[in-house]
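Asker: The structure file final_8.cif (mmCIF, C-alpha atoms) is provided below.
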data_my_file
#
loop_
_atom_site.group_PDB
_atom_site.id
_atom_site.type_symbol
_atom_site.label_atom_id
_atom_site.label_comp_id
_atom_site.auth_asym_id
_atom_site.auth_seq_id
_atom_site.Cartn_x
_atom_site.Cartn_y
_atom_site.Cartn_z
ATOM 1 C CA MET D 1 0.000 0.000 0.000
ATOM 2 C CA GLU D 2 2.876 2.388 0.796
ATOM 3 C CA ILE D 3 4.395 1.904 -2.667
ATOM 4 C CA LEU D 4 1.026 2.499 -4.349
ATOM 5 C CA LEU D 5 0.499 5.654 -2.301
ATOM 6 C CA ALA D 6 4.022 6.835 -3.183
ATOM 7 C CA VAL D 7 3.355 6.284 -6.896
ATOM 8 C CA ILE D 8 0.020 8.128 -6.722
ATOM 9 C CA LEU D 9 1.419 11.079 -4.731
ATOM 10 C CA GLY D 10 4.589 11.187 -6.864
ATOM 11 C CA GLY D 11 2.527 11.192 -10.054
ATOM 12 C CA ALA D 12 0.307 13.974 -8.719
ATOM 13 C CA PHE D 13 3.384 15.978 -7.670
ATOM 14 C CA GLY D 14 4.960 15.533 -11.121
ATOM 15 C CA PHE D 15 1.715 16.612 -12.792
ATOM 16 C CA VAL D 16 1.592 19.768 -10.672
ATOM 17 C CA LEU D 17 5.263 20.505 -11.440
ATOM 18 C CA HIS D 18 4.488 20.204 -15.142
ATOM 19 C CA ARG D 19 1.359 22.376 -14.939
ATOM 20 C CA ILE D 20 3.082 25.249 -13.098
ATOM 21 C CA GLY D 21 6.012 25.214 -15.522
ATOM 22 C CA ALA D 22 8.632 23.894 -13.100
ATOM 23 C CA THR D 23 9.900 21.455 -15.735
ATOM 24 C CA ASN D 24 10.487 24.190 -18.290
ATOM 25 C CA PRO D 25 14.227 25.037 -18.236
ATOM 26 C CA THR D 26 13.602 28.556 -19.546
ATOM 27 C CA ARG D 27 11.199 29.330 -16.681
ATOM 28 C CA LEU D 28 13.624 27.892 -14.134
ATOM 29 C CA ILE D 29 16.576 29.877 -15.491
ATOM 30 C CA ASP D 30 14.419 33.039 -15.589
ATOM 31 C CA MET D 31 13.504 32.401 -11.945
ATOM 32 C CA LEU D 32 17.178 32.013 -11.002
ATOM 33 C CA ARG D 33 18.004 35.195 -12.920
ATOM 34 C CA LEU D 34 15.162 36.977 -11.056
ATOM 35 C CA SER D 35 13.519 37.968 -14.334
ATOM 36 C CA ASP D 36 10.353 35.852 -13.867
ATOM 37 C CA LEU D 37 9.309 35.139 -10.280
ATOM 38 C CA LYS D 38 5.932 33.488 -10.927
ATOM 39 C CA LEU D 39 7.394 30.073 -10.148
ATOM 40 C CA GLU D 40 9.124 31.391 -7.020
ATOM 41 C CA LYS D 41 5.813 32.810 -5.818
ATOM 42 C CA VAL D 42 4.181 29.372 -6.221
ATOM 43 C CA ILE D 43 7.067 27.733 -4.331
ATOM 44 C CA LEU D 44 6.879 30.214 -1.432
ATOM 45 C CA PHE D 45 3.105 29.853 -1.194
ATOM 46 C CA SER D 46 3.333 26.041 -1.272
ATOM 47 C CA ILE D 47 6.006 25.865 1.432
ATOM 48 C CA GLY D 48 4.054 28.233 3.683
ATOM 49 C CA LEU D 49 0.761 26.381 3.224
ATOM 50 C CA THR D 50 2.420 22.989 3.754
ATOM 51 C CA MET D 51 4.156 24.209 6.917
ATOM 52 C CA ILE D 52 0.871 25.418 8.390
ATOM 53 C CA THR D 53 -1.006 22.272 7.313
ATOM 54 C CA ILE D 54 1.562 19.820 8.717
ATOM 55 C CA PHE D 55 1.844 21.555 12.067
ATOM 56 C CA THR D 56 -1.933 21.880 12.333
ATOM 57 C CA ILE D 57 -2.312 18.139 11.747
ATOM 58 C CA ASN D 58 0.511 17.454 14.212
ATOM 59 C CA THR D 59 -1.130 19.642 16.860
ATOM 60 C CA PHE D 60 -4.525 17.943 16.705
ATOM 61 C CA PHE D 61 -3.243 14.420 15.915
ATOM 62 C CA PRO D 62 0.200 14.056 17.547
ATOM 63 C CA GLY D 63 2.327 11.427 15.828
ATOM 64 C CA ALA D 64 0.178 11.383 12.669
ATOM 65 C CA VAL D 65 2.887 13.215 10.717
ATOM 66 C CA HIS D 66 6.234 11.505 10.175
ATOM 67 C CA PHE D 67 9.069 13.985 10.636
ATOM 68 C CA SER D 68 12.488 13.092 9.284
ATOM 69 C CA ILE D 69 14.889 15.434 11.052
ATOM 70 C CA ARG D 70 18.351 15.696 9.546
ATOM 71 C CA THR D 71 21.353 16.692 11.586
ATOM 72 C CA ALA D 72 22.585 20.188 10.738
ATOM 73 C CA TYR D 73 26.341 20.140 10.153
ATOM 74 C CA TRP D 74 28.832 21.681 7.742
ATOM 75 C CA GLY D 75 28.478 18.826 5.259
ATOM 76 C CA VAL D 76 24.796 19.661 4.842
ATOM 77 C CA PHE D 77 25.626 23.279 4.036
ATOM 78 C CA VAL D 78 28.396 22.300 1.585
ATOM 79 C CA GLY D 79 26.031 19.750 0.025
ATOM 80 C CA GLY D 80 23.384 22.467 -0.258
ATOM 81 C CA LEU D 81 25.834 24.696 -2.111
ATOM 82 C CA ILE D 82 26.731 21.855 -4.493
ATOM 83 C CA PHE D 83 23.027 21.108 -4.990
ATOM 84 C CA GLY D 84 22.324 24.786 -5.726
ATOM 85 C CA LEU D 85 25.177 24.924 -8.226
ATOM 86 C CA GLY D 86 23.899 21.789 -9.951
ATOM 87 C CA PHE D 87 20.383 23.250 -10.021
ATOM 88 C CA ALA D 88 21.647 26.480 -11.579
ATOM 89 C CA LEU D 89 23.729 24.625 -14.202
ATOM 90 C CA SER D 90 21.107 22.054 -15.196
ATOM 91 C CA ALA D 91 17.874 23.936 -14.450
ATOM 92 C CA LEU D 92 16.672 20.709 -12.831
ATOM 93 C CA CYS D 93 16.317 19.387 -9.304
ATOM 94 C CA PRO D 94 15.312 15.828 -8.308
ATOM 95 C CA GLY D 95 11.568 16.483 -8.534
ATOM 96 C CA THR D 96 11.628 18.519 -11.732
ATOM 97 C CA GLY D 97 14.184 16.109 -13.241
ATOM 98 C CA VAL D 98 11.846 13.122 -12.933
ATOM 99 C CA ALA D 99 8.897 15.180 -14.190
ATOM 100 C CA ALA D 100 11.004 16.391 -17.150
ATOM 101 C CA LEU D 101 11.892 12.762 -17.898
ATOM 102 C CA GLY D 102 8.163 12.017 -17.953
ATOM 103 C CA GLU D 103 7.817 14.763 -20.576
ATOM 104 C CA GLY D 104 10.453 13.006 -22.673
ATOM 105 C CA ARG D 105 13.250 15.565 -22.277
ATOM 106 C CA LEU D 106 16.635 14.077 -23.224
ATOM 107 C CA ASP D 107 18.625 16.274 -20.826
ATOM 108 C CA ALA D 108 16.602 14.807 -17.951
ATOM 109 C CA VAL D 109 17.897 11.325 -18.849
ATOM 110 C CA PHE D 110 21.489 12.500 -18.354
ATOM 111 C CA TYR D 111 20.545 14.415 -15.214
ATOM 112 C CA ILE D 112 18.952 11.349 -13.619
ATOM 113 C CA LEU D 113 21.768 9.034 -14.743
ATOM 114 C CA GLY D 114 24.271 11.451 -13.181
ATOM 115 C CA GLY D 115 22.328 11.438 -9.932
ATOM 116 C CA LEU D 116 22.164 7.643 -9.871
ATOM 117 C CA VAL D 117 25.896 7.289 -10.601
ATOM 118 C CA GLY D 118 26.720 9.849 -7.896
ATOM 119 C CA THR D 119 24.511 8.030 -5.387
ATOM 120 C CA PHE D 120 26.102 4.691 -6.305
ATOM 121 C CA LEU D 121 29.618 6.102 -5.864
ATOM 122 C CA LEU D 122 28.666 7.603 -2.493
ATOM 123 C CA ALA D 123 27.248 4.245 -1.369
ATOM 124 C CA LEU D 124 30.464 2.472 -2.427
ATOM 125 C CA SER D 125 32.675 4.962 -0.583
ATOM 126 C CA TRP D 126 30.456 5.506 2.489
ATOM 127 C CA ASP D 127 32.325 3.116 4.809
ATOM 128 C CA TRP D 128 35.625 4.725 3.876
ATOM 129 C CA LEU D 129 34.221 8.259 4.238
ATOM 130 C CA THR D 130 32.874 7.600 7.737
ATOM 131 C CA GLN D 131 36.398 6.694 8.892
ATOM 132 C CA THR D 132 37.974 9.984 7.797
ATOM 133 C CA ALA D 133 38.783 12.804 10.186
ATOM 134 C CA LEU D 134 36.944 15.266 7.925
ATOM 135 C CA PHE D 135 33.713 13.269 8.273
ATOM 136 C CA HIS D 136 33.927 13.331 12.068
ATOM 137 C CA LEU D 137 34.825 17.013 12.068
ATOM 138 C CA VAL D 138 31.771 18.012 10.066
ATOM 139 C CA THR D 139 29.320 15.644 11.780
ATOM 140 C CA ASP D 140 30.426 16.433 15.320
ATOM 141 C CA LEU D 141 29.521 20.097 14.846
ATOM 142 C CA GLY D 142 25.805 19.544 14.360
ATOM 143 C CA ALA D 143 22.699 18.501 16.238
ATOM 144 C CA LYS D 144 19.164 17.454 15.445
ATOM 145 C CA VAL D 145 17.091 20.537 16.190
ATOM 146 C CA THR D 146 13.724 21.642 14.837
ATOM 147 C CA LEU D 147 12.426 25.146 14.390
ATOM 148 C CA ALA D 148 9.290 24.558 16.470
ATOM 149 C CA GLU D 149 8.395 22.401 19.445
ATOM 150 C CA GLY D 150 5.985 19.501 19.230
ATOM 151 C CA VAL D 151 7.938 17.471 16.674
ATOM 152 C CA VAL D 152 8.058 13.898 17.955
ATOM 153 C CA ARG D 153 10.437 11.389 16.434
ATOM 154 C CA HIS D 154 10.886 7.814 17.659
ATOM 155 C CA GLY D 155 8.753 8.533 20.709
ATOM 156 C CA ARG D 156 10.633 11.594 21.925
ATOM 157 C CA GLU D 157 10.174 15.279 21.304
ATOM 158 C CA MET D 158 12.996 16.898 19.365
ATOM 159 C CA PRO D 159 14.744 19.974 20.795
ATOM 160 C CA ALA D 160 13.472 23.200 19.226
ATOM 161 C CA VAL D 161 14.958 26.618 18.484
ATOM 162 C CA PHE D 162 11.752 28.285 19.711
ATOM 163 C CA ASP D 163 11.153 25.873 22.585
ATOM 164 C CA SER D 164 8.736 28.008 24.582
ATOM 165 C CA ILE D 165 6.296 28.668 21.732
ATOM 166 C CA PRO D 166 3.904 25.939 20.522
ATOM 167 C CA GLY D 167 4.849 24.600 17.092
ATOM 168 C CA ILE D 168 1.537 25.616 15.538
ATOM 169 C CA PHE D 169 2.241 29.286 16.314
ATOM 170 C CA VAL D 170 5.757 29.137 14.888
ATOM 171 C CA ALA D 171 4.343 27.477 11.755
ATOM 172 C CA LEU D 172 1.601 30.111 11.481
ATOM 173 C CA ILE D 173 4.157 32.927 11.774
ATOM 174 C CA PHE D 174 6.749 31.522 9.356
ATOM 175 C CA GLY D 175 4.212 29.925 7.005
ATOM 176 C CA GLY D 176 2.101 33.090 7.007
ATOM 177 C CA ALA D 177 5.199 35.179 6.262
ATOM 178 C CA LEU D 178 6.063 32.957 3.264
ATOM 179 C CA ILE D 179 2.493 33.165 1.956
ATOM 180 C CA ALA D 180 2.492 36.947 2.386
ATOM 181 C CA LEU D 181 5.854 37.168 0.604
ATOM 182 C CA ALA D 182 4.418 35.137 -2.268
ATOM 183 C CA PHE D 183 1.669 37.734 -2.688
ATOM 184 C CA ILE D 184 3.802 40.872 -2.341
ATOM 185 C CA LEU D 185 6.783 39.668 -4.388
ATOM 186 C CA PRO D 186 6.774 41.382 -7.793
ATOM 187 C CA GLN D 187 6.568 39.344 -10.990
ATOM 188 C CA LYS D 188 10.210 40.163 -11.719
ATOM 189 C CA LEU D 189 13.092 41.911 -10.020
ATOM 190 C CA ARG D 190 15.115 42.570 -13.169
ATOM 191 C CA GLU D 191 14.601 42.601 -16.917
ATOM 192 C CA LYS D 192 15.423 39.581 -19.067
#
Would you mind giving the structure from this file in structure tokens?

Answerer:
Amino acid sequence: MEILLAVILGGAFGFVLHRIGATNPTRLIDMLRLSDLKLEKVILFSIGLTMITIFTINTFFPGAVHFSIRTAYWGVFVGGLIFGLGFALSALCPGTGVAALGEGRLDAVFYILGGLVGTFLLALSWDWLTQTALFHLVTDLGAKVTLAEGVVRHGREMPAVFDSIPGIFVALIFGGALIALAFILPQKLREK
């Protein structure tokens, strides 16, 4: 049932990506160049609405939402920079790459093959990497912390940055700010 649900939700997500133009490389490059922010406005609105929805569900039905909290450490930030560079160079990210493949775009084939090869090489070298001093340096710096309280993982509540404010309020503030930003952001910040 989980695989069927994943296929249904993944297909719906890919359809939405296609409909809003997130698989169009020109629209993505224009967004990155700040010359067409329609897609950015949709992204901001979606993140804000999802944040509010998930924390609302979590408040009224604790444990109903599965949170996967990643440890924040330097490797995550370096990986984020590499991811951003790859996104800017290819005008694809994992979600838009799969949706672009569904559209039949040839560049998406190479993008996905590159991601699979990179993942395979990481898996092969993982044991070696975990033994290096650099790995321990970057992982020892971080901790698993959430933005808002009320996030339960494996039966225990995760530490929160705003630990004295209920998670629903933090989500309403940050999610509301993202939604507001989506509405006040202009269509473009610079000319093409």

Asker: Choose the residue, out of D:Ala180, D:Leu121, D:Ala99, D:Ile52, that has the smallest atom-to-atom separation from Gly10 (chain D); count only C-alpha atoms.

Answerer: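 Closest candidate: D:Ala99.
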
Asker: In Å, how far is it from CA of Arg190 (chain D) to CA of Leu34 (chain D)?

Answerer: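 Answer for the CA of Arg190 (chain D) to CA of Leu34 (chain D) separation: 6.0 Å.
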
Asker: Run through the PyMOL selection byres ((chain D and resi 182) around 12) on the given coordinates and return the selected residues as a list of chain:residue names.

Answerer: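 On this input, the PyMOL selection byres ((chain D and resi 182) around 12) captures D:Leu37, D:Lys38, D:Leu39, D:Glu40, D:Lys41, D:Val42, D:Ile43, D:Leu44, D:Phe45, D:Ser46, D:Ile47, D:Gly48, D:Leu49, D:Gly175, D:Gly176, D:Ala177, D:Leu178, D:Ile179, D:Ala180, D:Leu181, D:Phe183, D:Ile184, D:Leu185, D:Pro186, D:Gln187.
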
Asker: Which distance in Å separates CA of Gly118 (chain D) and CA of Phe83 (chain D), to one decimal?

Answerer: 12.2 Å

Asker: Could you tell me how far CA of Phe67 (chain D) lies from CA of Ala171 (chain D), in Å and to one decimal?

Answerer: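 CA of Phe67 (chain D) sits 14.3 Å away from CA of Ala171 (chain D).
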
Asker: I'd like the residues picked by the PyMOL selection byres ((chain D and resi 90-92) around 12) written out as a ChimeraX atom specification, using the chain letters and numbers from the file.

Answerer: /D:17,21-33,83-89,93-101,105,107-112,114-115

Asker: Next, the residues of the selection above should be written as a PDB file, keeping the file's coordinate frame with C-alpha atoms.

Answerer:
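Full text of out_17.pdb as output:
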ATOM      1  CA  LEU D  17       5.263  20.505 -11.440  1.00  0.00           C
ATOM      2  CA  GLY D  21       6.012  25.214 -15.522  1.00  0.00           C
ATOM      3  CA  ALA D  22       8.632  23.894 -13.100  1.00  0.00           C
ATOM      4  CA  THR D  23       9.900  21.455 -15.735  1.00  0.00           C
ATOM      5  CA  ASN D  24      10.487  24.190 -18.290  1.00  0.00           C
ATOM      6  CA  PRO D  25      14.227  25.037 -18.236  1.00  0.00           C
ATOM      7  CA  THR D  26      13.602  28.556 -19.546  1.00  0.00           C
ATOM      8  CA  ARG D  27      11.199  29.330 -16.681  1.00  0.00           C
ATOM      9  CA  LEU D  28      13.624  27.892 -14.134  1.00  0.00           C
ATOM     10  CA  ILE D  29      16.576  29.877 -15.491  1.00  0.00           C
ATOM     11  CA  ASP D  30      14.419  33.039 -15.589  1.00  0.00           C
ATOM     12  CA  MET D  31      13.504  32.401 -11.945  1.00  0.00           C
ATOM     13  CA  LEU D  32      17.178  32.013 -11.002  1.00  0.00           C
ATOM     14  CA  ARG D  33      18.004  35.195 -12.920  1.00  0.00           C
ATOM     15  CA  PHE D  83      23.027  21.108  -4.990  1.00  0.00           C
ATOM     16  CA  GLY D  84      22.324  24.786  -5.726  1.00  0.00           C
ATOM     17  CA  LEU D  85      25.177  24.924  -8.226  1.00  0.00           C
ATOM     18  CA  GLY D  86      23.899  21.789  -9.951  1.00  0.00           C
ATOM     19  CA  PHE D  87      20.383  23.250 -10.021  1.00  0.00           C
ATOM     20  CA  ALA D  88      21.647  26.480 -11.579  1.00  0.00           C
ATOM     21  CA  LEU D  89      23.729  24.625 -14.202  1.00  0.00           C
ATOM     22  CA  CYS D  93      16.317  19.387  -9.304  1.00  0.00           C
ATOM     23  CA  PRO D  94      15.312  15.828  -8.308  1.00  0.00           C
ATOM     24  CA  GLY D  95      11.568  16.483  -8.534  1.00  0.00           C
ATOM     25  CA  THR D  96      11.628  18.519 -11.732  1.00  0.00           C
ATOM     26  CA  GLY D  97      14.184  16.109 -13.241  1.00  0.00           C
ATOM     27  CA  VAL D  98      11.846  13.122 -12.933  1.00  0.00           C
ATOM     28  CA  ALA D  99       8.897  15.180 -14.190  1.00  0.00           C
ATOM     29  CA  ALA D 100      11.004  16.391 -17.150  1.00  0.00           C
ATOM     30  CA  LEU D 101      11.892  12.762 -17.898  1.00  0.00           C
ATOM     31  CA  ARG D 105      13.250  15.565 -22.277  1.00  0.00           C
ATOM     32  CA  ASP D 107      18.625  16.274 -20.826  1.00  0.00           C
ATOM     33  CA  ALA D 108      16.602  14.807 -17.951  1.00  0.00           C
ATOM     34  CA  VAL D 109      17.897  11.325 -18.849  1.00  0.00           C
ATOM     35  CA  PHE D 110      21.489  12.500 -18.354  1.00  0.00           C
ATOM     36  CA  TYR D 111      20.545  14.415 -15.214  1.00  0.00           C
ATOM     37  CA  ILE D 112      18.952  11.349 -13.619  1.00  0.00           C
ATOM     38  CA  GLY D 114      24.271  11.451 -13.181  1.00  0.00           C
ATOM     39  CA  GLY D 115      22.328  11.438  -9.932  1.00  0.00           C
TER      40      GLY D 115
END
